Structures are given as structure tokens and as C-alpha cells.
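Notes follow the structure.
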Amino acid sequence: MKKFLVALLCGLILSVQGIAYGETVYTIGDTTGDWGMPAPYLHYSRGPGYVRMSLVFDSLLWKDKGGLVGLLAREWSYDKKSNAYTFTLRDNVRWHDGTPFTPDDVVFTFEYYKKYPYQFADISTIVKKIEKLGQNKIKIYLSYPYAPFLTNIAGTIPIIPKHIYKDIQNPLQFTDPRCAIGTGPFILKTYDKASGLYIFEANKDYYLGNLKVDQLRIVKVNNQVIPSLLISGQLDAVGIAPEMVPGLKEKGLNIIKSTYDWNAKLVFNHKKYPSSDVRFRKAVAYAIDRERIVKIALRGNGRVGSPGILSPDNPYYTEELEHYRQDIEKSKELLSKINYTEDITIIYAQNFDQCAQLIKEDLSRVGLKVTLKSMEQKTVDALINNWKFDIAISGHGGLGGDPDILYRVILGSGFNSARYYSNKRLTELLLKQRFTLDNDLRKKLIEEIQRIYADEIPTLTLYYPDSYWAFNNRIELYYVKGGLGSGVPIPLNKLAFIDIKR
């Protein structure tokens with residue numbers, strides 16, 4: 001308790017340091033802390049890291065409550081004949097160091113990302129070329145019709161300054177403060193990796209309008225003290241546990257609930273035995289009582305996941321799948337065919353502890369010996385990424401956005417992807433849906449993708465948790481349909497902090 005109080009006191013001291021008289025400060029809580037430097041190549045490859053970066057860097061387009069709107073671009077159009085998008089850029093935009101923003105920056109950004117792929121949107125095979133048209137237009141030619149281009153590329157990738165990055169040949173090692181110079185509404189003042197503290201100052205020359213606050217802070221907080229910090233006004237906004245909702249509502253806090261855009265999943269190392277055998281994966285799936293996990297581990301605050309990945313909130317969701325309801329006898333029958341008797345290790349982050357215990361109990365019922373190993377989430381991510389695990393419990397968002405998320409989490413790279421290439425038909429469909437502009441046809445392709453994936457289950461979605469944010473009346477926070485960027489389900493939209501010029 002003493003250590004906890006000291007840590008809390010230090011956090012509160014940090015939260016008030018550096019505030020000038022008369023400044024308006026908005027403070028956001030985060031129970032995790034560090035999500036990396038808020039620069040395109042340095043932020044951690046999960047949603048909170050992307051959102052922090054998006055405060056500093058702008059993309060061509062963005063989302064508000066109504067859908068896509070222009071940021072650095074004020075107009076855009078699509079030419080089907082040339083399979084190209086033309087963007088008219090805004091005037092009088094400046095980088096945080098005062099350098100004028102020009103079409104050359106956009107051309108440079110796309111060419112740079114083709115050479116050094118950006119973690120949230122690899123354009124290397126999608127974008128064919130980009131050219132400047134006059135003083136304020138650029139045209140982006142695609143290699144093939146790409147259905148989610150506007151949301152997943154134009155509305156996601158951060159535009160970077162040519163005058164800074166043109167001589168950088170290893171952006172992953174570029175940690176100079178200039179790496180975080182963008183055109184966004186906030187300017188990075190402080191990033192402290194150890195404490196997870198982020199301090200952003202308002203960009204007084206922001207082209208869309210004046211900011212509602214002078215300073216935005218993101219501070220690490222302990223989950224236990226979140227209600228008291230919100231009620232006392234020391235926090236303005238924070239993600240909260242479902243059981244906090246009634247009490248905070250009574251105190252006058254605003255509560256918003258996300259759609260089911262995030263999933264917790266069981267990840268199989270299908271590159272090594274026994275998970276390389278689909279019968280083993282199915283045996284594990286049939287052994288687990290996922291309804292019990294939702295009831296106990298989530299205290300009923302969520303719903304059982306679909307083995308097709310997409311949640312019922314996604315318009316492309318397919319219900320008619322094998323949902324692997326618990327069947328102990330079927331699980332035992334499948335296991336008897338592969339005769340596996342060795343110990344299985346399941347790795348996971350601490351927040352999945354109770355879920356892991358329940359899974360171990362279920363697997364023990366079918367004769368599997370299970371060892372549980374809890375570790376930091378970043379360690380779990382690294383082990384998954386390097387295929388150094390048996391089974392893992394992990395999770396990610398993005399399920400509420402364009403269904404191209406299926407391509408990214410099945411064939412894509414990184415720890416959030418199954419990187420499953422064994423089924424040629426599945427690979428073919430995942431590629432085909434990307435360049436299918438006919439929505440009805442694309443929906444049929446997505447349905448078949450979900451059926452095949454549910455049958456092969458390289459990963460098994462365990463559940464979609466209920467997700468809430470609480471905030472006071474200073475700023476109205478909101479979720480956007482499909483999530484920020486390419487699908488981040490976090491209600492920290494930078495547009496909420498701007499008095500936009502009309």
C-alpha cells in the first residue's frame with residue numbers, strides 16, 4: 001500500500017508540473033502507461049500508440065461523427081478509368097517548426113512509405129505511383145482497385161515532413177525530437193517512457209481552428225483510484241471497468257460504450273506440432289467453455305466471440321458458422337486421433353489471468369497438461385511475433401472498421417496476425433475482396449472467408465468485452481463508426497478538441 005501511495009503521489013506531481021498560470025489543461029488517464037514515442041515509426045503497434053501519434057500528425061482524411069472528412073486534403077475524387085484518387089490540399093498549413101506544408105510532402109510521404117513500410121498501413125503493393133498536379137493537388141494511382149483506400153490509407157497514414165525525413169535511411173532508429181514534428185493540432189512537449197507521461201501543447205496555428213485546451217496530458221493511473229480521480233476532477237477522461245459505470249453515472253460523469261470492435265483470442269502456433277494439426281486446434285476449441293469465461297472472467301460484461309473473427313456489430317459478420325460450443329466428448333475424440341501427451345504452455349498478459357485459469361481447467365478435463373505463464377504484454381507480443389510459443393492469449397481491436405481487417409490479421413505481418421498461408425482458397429479470397437468494389441459481391445467473399453477461417457481456426461476468438469469510457473463535461477468525447485484510422489476503437493478523436501472553422 002505504501003508503494004502504491006507513493007506511485008500515485010508521484011503521478012499527481014507530474015500531472016501538475018509545468019502548467020502556466022491561466023492555462024487550460026485536459027488530463028486523460030491510462031492504466032498501461034507507455035505506448036512509445038508518438039511518431040510514425042516509433043509508436044507501439046497497437047491502437048493507443050496510434051492515437052497518441054495522431055494527435056501530432058495529420059493524414060489526408062479523418063473521421064468525425066458523420067464519417068470521413070478532410071484534414072490535409074479539403075477535396076477528393078476518384079477516377080475509375082485511371083484507378084486514381086485526386087486530392088486538393090489545404091493552403092496555409094505549417095509544420096510545427098514553422099516550415100510550410102506543400103504537395104511535395106505528400107508525394108515524399110507515399111514514396112517513403114513504399115520504401116520503408118508504415119506499421120499500420122503497408123502501401124507497398126497498393127500504391128503504384130503518386131504525382132503532384134500544380135500547386136495544391138496530388139494524384140495517387142493504385143496498382144489495383146482497393147476498396148478501403150479512403151479509410152485505410154488516406155484516412156490512416158500520417159503525412160511526414162520531407163525536409164526532416166528526406167535524409168533518414170533508418171526511420172526505426174530516428175529518435176531525435178524532430179521525428180515528432182507534424183502538422184497536427186498538438187505539439188509534443190514531453191514524452192517520458194518510464195512513467196508513461198505524455199504532455200502535448202496546443203498548436204496555436206492549427207489550420208482547422210482554435211483548440212479548446214492549451215495542454216493535453218496522458219498520465220498513467222492505477223485502476224483502483226480511477227473513480228476518485230474522476231470525481232475529484234484530477235482526471236477528465238479515462239477508460240473504465242464495467243463495474244464502475246453505475247457509481248460514476250450517479251456522480252454525473254458521462255459514460256459511453258463502444259461497439260464490439262475488440263477481441264480476445266486464443267492464438268495457436270500453427271507452425272509447430274501439435275497446433276499444426278487442425279484436429280488439435282479443434283479439440284482445444286471444443287474443450288473450452290467460452291460462455292463460462294464471459295460469465296466469470298468478464299462478470300458477464302461481454303459476449304462470446306465468433307470463430308470467423310468479425311463481431312456481430314460489423315455489417316459483414318456471418319452468423320452461420322461452427323461456433324465450437326463446449327463438447328468434451330468431441331474434444332477427447334479428436335485428441336485420441338493425434339495421440340498428443342506432452343505439456344502445453346499458454347502465455348498471456350496479467351489481465352488475462354482468470355481467463356487462462358478457466359481455460360486450463362477445461363483443457364485438463366480432456367486430458368491435456370497445461371502450464372500457464374503470465375508476462376508483460378509486450379513480451380507476449382514479441383514471443384508471438386517470433387513464433388516462440390505453444391498457445392497464447394492475446395487480443396486486438398479494429399474489428400468494427402472495413403472488413404479488410406481480415407486480410408491484416410490472417411495474412412498480414414506482426415503479432416496481431418495469424419500469418420496463416422496454408423489454405424490457398426482462403427488466401428485467394430482475402431486478396432480478391434481487397435479489389436472488389438461491388439459491395440454485394442464483396443460481402444459474399446467476406447462470408448466465405450469467415451467460414452473457411454472458422455473451420456481452420458489458426459486463432460479462436462474467445463470473447464468481445466464490453467468497453468466503456470467516462471469523462472466530464474469539459475469536452476464531448478465520442479466513438480466514430482469503424483474506429484479511428486483503420487479501426488482503432490478509442491474515443492480520443494482529435495477533432496473533439498478543436499473549434500472547427502465553419
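Please note that chains go A, B, ... in the order of the C-alpha cells, that every chain numbers its residues from 1, and that ligands are numbered from 1 in the order shown.
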List the spatial neighbours of range 318-332 of chain A as a ChimeraX atom specification - criterion: any atom at most 7 Å away, only C-alpha atoms, same-chain residues fewer than 6 positions off excluded.
/A:283-289,306-307,366,447,450-451,454
Give me, please, the distance in Å between CA of Leu492 in chain A and CA of Leu477 in chain A, quoted to one decimal.
6.5 Å
Would you give me, as number ranges by chain, the residues in range 377-485 of chain A that DSSP reads as strand (DSSP E)?
A: 391-396, 459-465, 468-471
Selection: 7 Å around range 24-34 of chain A, only C-alpha atoms, excl. self and same-chain fewer than 3 positions, as a PyMOL selection string
chain A and resi 193+195-196+213-223+235-238
Could the residues in this selection be saved with C-alpha atoms as a PDB file, in the first residue's frame?
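Dumped everything to result_17.pdb:
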ATOM      1  CA  LYS A 193       8.838   6.352 -21.306  1.00  0.00           C
ATOM      2  CA  SER A 195       6.377   6.947 -16.235  1.00  0.00           C
ATOM      3  CA  GLY A 196       4.154   6.742 -19.322  1.00  0.00           C
ATOM      4  CA  VAL A 213      -7.460  23.371 -24.366  1.00  0.00           C
ATOM      5  CA  ASP A 214      -3.926  24.709 -24.002  1.00  0.00           C
ATOM      6  CA  GLN A 215      -2.441  21.426 -22.931  1.00  0.00           C
ATOM      7  CA  LEU A 216      -3.370  17.760 -23.195  1.00  0.00           C
ATOM      8  CA  ARG A 217      -1.851  15.246 -20.779  1.00  0.00           C
ATOM      9  CA  ILE A 218      -1.957  11.489 -20.717  1.00  0.00           C
ATOM     10  CA  VAL A 219      -0.885  10.033 -17.386  1.00  0.00           C
ATOM     11  CA  LYS A 220      -0.551   6.509 -16.039  1.00  0.00           C
ATOM     12  CA  VAL A 221      -3.060   5.717 -13.289  1.00  0.00           C
ATOM     13  CA  ASN A 222      -3.909   2.747 -11.121  1.00  0.00           C
ATOM     14  CA  ASN A 223      -7.287   1.213 -11.906  1.00  0.00           C
ATOM     15  CA  LEU A 235      -8.828  13.211 -14.415  1.00  0.00           C
ATOM     16  CA  ASP A 236     -11.038  14.449 -17.231  1.00  0.00           C
ATOM     17  CA  ALA A 237     -11.390  11.167 -19.101  1.00  0.00           C
ATOM     18  CA  VAL A 238     -10.331   7.532 -18.859  1.00  0.00           C
TER      19      VAL A 238
END
Which residue is closest to Leu211 in chain A? Choose from A:Ala496, A:Gly400, A:Thr183, A:Tyr165 and count only C-alpha atoms.
A:Ala496
Using only C-alpha atoms: which of A:Gly482, A:Gly247, A:Pro242, A:Gly300 has the shortest distance to Ser467 in chain A
A:Pro242
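Residues with any atom within 10 Å of Ile181 in chain A, counting only C-alpha atoms and excluding same-chain neighbours fewer than 4 positions away, are Pro38, Ala39, Val56, Phe57, Trp95, His96, Asp97, Gly98, Ile160, Pro161, Ile164, Pro177, Phe186, Ile187 and Leu188 of chain A.
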Expected file: the selected residues, all heavy atoms, as a compact mmCIF listing (two decimals), in the first residue's frame:
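Below is the file that was written, again_39.txt:
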# COMPACT_ATOMS: atom_id res chain seq x y z
N PRO A 38 5.30 9.25 -29.84
CA PRO A 38 4.21 9.50 -30.79
C PRO A 38 4.70 10.02 -32.14
O PRO A 38 4.41 11.13 -32.57
CB PRO A 38 3.35 10.53 -30.06
CG PRO A 38 4.30 11.26 -29.19
CD PRO A 38 5.33 10.24 -28.75
N ALA A 39 5.48 9.17 -32.80
CA ALA A 39 5.98 9.45 -34.15
C ALA A 39 5.67 8.21 -35.00
O ALA A 39 5.58 7.09 -34.47
CB ALA A 39 7.48 9.72 -34.13
N VAL A 56 -0.43 14.39 -33.10
CA VAL A 56 0.71 15.18 -33.58
C VAL A 56 0.77 15.23 -35.10
O VAL A 56 1.15 16.25 -35.68
CB VAL A 56 2.02 14.59 -33.02
CG1 VAL A 56 3.24 15.35 -33.53
CG2 VAL A 56 1.99 14.56 -31.49
N PHE A 57 0.40 14.14 -35.76
CA PHE A 57 0.49 14.04 -37.22
C PHE A 57 -0.91 13.92 -37.83
O PHE A 57 -1.75 13.19 -37.33
CB PHE A 57 1.32 12.82 -37.62
CG PHE A 57 2.78 12.95 -37.35
CD1 PHE A 57 3.30 12.69 -36.10
CD2 PHE A 57 3.66 13.34 -38.36
CE1 PHE A 57 4.65 12.80 -35.83
CE2 PHE A 57 5.02 13.47 -38.12
CZ PHE A 57 5.52 13.20 -36.85
N TRP A 95 4.17 23.00 -40.72
CA TRP A 95 4.69 22.02 -39.79
C TRP A 95 4.96 22.71 -38.46
O TRP A 95 5.04 23.93 -38.39
CB TRP A 95 5.99 21.40 -40.34
CG TRP A 95 5.75 20.63 -41.61
CD1 TRP A 95 5.95 21.07 -42.89
CD2 TRP A 95 5.23 19.30 -41.72
NE1 TRP A 95 5.58 20.11 -43.79
CE2 TRP A 95 5.14 19.00 -43.11
CE3 TRP A 95 4.84 18.34 -40.80
CZ2 TRP A 95 4.67 17.77 -43.58
CZ3 TRP A 95 4.37 17.11 -41.27
CH2 TRP A 95 4.30 16.84 -42.63
N HIS A 96 5.09 21.93 -37.40
CA HIS A 96 5.27 22.50 -36.07
C HIS A 96 6.53 23.37 -35.94
O HIS A 96 6.61 24.22 -35.05
CB HIS A 96 5.32 21.38 -35.02
CG HIS A 96 4.03 20.64 -34.88
ND1 HIS A 96 3.94 19.38 -34.34
CD2 HIS A 96 2.77 20.98 -35.23
CE1 HIS A 96 2.67 18.98 -34.36
NE2 HIS A 96 1.95 19.93 -34.89
N ASP A 97 7.50 23.18 -36.82
CA ASP A 97 8.71 24.00 -36.77
C ASP A 97 8.59 25.25 -37.63
O ASP A 97 9.57 25.99 -37.81
CB ASP A 97 9.94 23.19 -37.17
CG ASP A 97 9.87 22.67 -38.61
OD1 ASP A 97 8.88 22.96 -39.33
OD2 ASP A 97 10.81 21.96 -39.04
N GLY A 98 7.40 25.48 -38.19
CA GLY A 98 7.16 26.69 -38.99
C GLY A 98 7.33 26.52 -40.48
O GLY A 98 6.96 27.41 -41.26
N ILE A 160 4.33 12.88 -43.34
CA ILE A 160 5.57 13.26 -42.66
C ILE A 160 6.30 14.37 -43.43
O ILE A 160 6.13 14.51 -44.64
CB ILE A 160 6.51 12.04 -42.46
CG1 ILE A 160 6.84 11.40 -43.82
CG2 ILE A 160 5.88 11.03 -41.53
CD1 ILE A 160 7.82 10.22 -43.71
N PRO A 161 7.12 15.16 -42.73
CA PRO A 161 7.80 16.30 -43.37
C PRO A 161 9.00 15.86 -44.20
O PRO A 161 9.93 15.23 -43.69
CB PRO A 161 8.23 17.17 -42.18
CG PRO A 161 8.36 16.21 -41.04
CD PRO A 161 7.33 15.14 -41.27
N ILE A 164 12.58 16.95 -43.07
CA ILE A 164 13.18 16.25 -41.93
C ILE A 164 13.55 14.82 -42.27
O ILE A 164 14.63 14.33 -41.95
CB ILE A 164 12.22 16.29 -40.72
CG1 ILE A 164 12.11 17.71 -40.17
CG2 ILE A 164 12.69 15.33 -39.61
CD1 ILE A 164 11.12 17.87 -39.04
N PRO A 177 14.24 14.46 -31.42
CA PRO A 177 12.93 15.10 -31.20
C PRO A 177 12.23 15.54 -32.47
O PRO A 177 11.00 15.64 -32.51
CB PRO A 177 13.29 16.30 -30.31
CG PRO A 177 14.51 15.86 -29.55
CD PRO A 177 15.29 15.01 -30.53
N PHE A 186 -1.79 19.12 -31.96
CA PHE A 186 -0.99 19.16 -30.74
C PHE A 186 0.50 18.98 -31.06
O PHE A 186 0.87 18.25 -31.98
CB PHE A 186 -1.42 18.08 -29.76
CG PHE A 186 -2.77 18.34 -29.14
CD1 PHE A 186 -3.91 17.75 -29.66
CD2 PHE A 186 -2.90 19.20 -28.07
CE1 PHE A 186 -5.16 17.99 -29.11
CE2 PHE A 186 -4.14 19.46 -27.50
CZ PHE A 186 -5.28 18.85 -28.02
N ILE A 187 1.32 19.67 -30.27
CA ILE A 187 2.77 19.60 -30.39
C ILE A 187 3.31 18.85 -29.18
O ILE A 187 2.96 19.17 -28.04
CB ILE A 187 3.38 21.02 -30.45
CG1 ILE A 187 2.83 21.78 -31.67
CG2 ILE A 187 4.91 20.95 -30.50
CD1 ILE A 187 3.18 23.26 -31.66
N LEU A 188 4.14 17.86 -29.42
CA LEU A 188 4.69 17.09 -28.32
C LEU A 188 5.65 17.94 -27.50
O LEU A 188 6.61 18.50 -28.03
CB LEU A 188 5.42 15.85 -28.85
CG LEU A 188 6.05 14.95 -27.77
CD1 LEU A 188 4.97 14.33 -26.88
CD2 LEU A 188 6.93 13.88 -28.40
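Distances to Asn152 in chain A were evaluated for A:Ser486, A:Gln224, A:Ser364, A:Ser336 using only C-alpha atoms, and the minimum falls at A:Ser486.
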Considering only C-alpha atoms, can you say which of A:Tyr479, A:Tyr463, A:Tyr207, A:Tyr144 comes closest to Cys355 in chain A?
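Smallest distance to Cys355 in chain A is found for A:Tyr463.
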Run DSSP on the backbone and give me the residues of range 77-199 of chain A it puts in alpha helix (DSSP H), as a PyMOL selection string.
chain A and resi 103-115+149+162-165
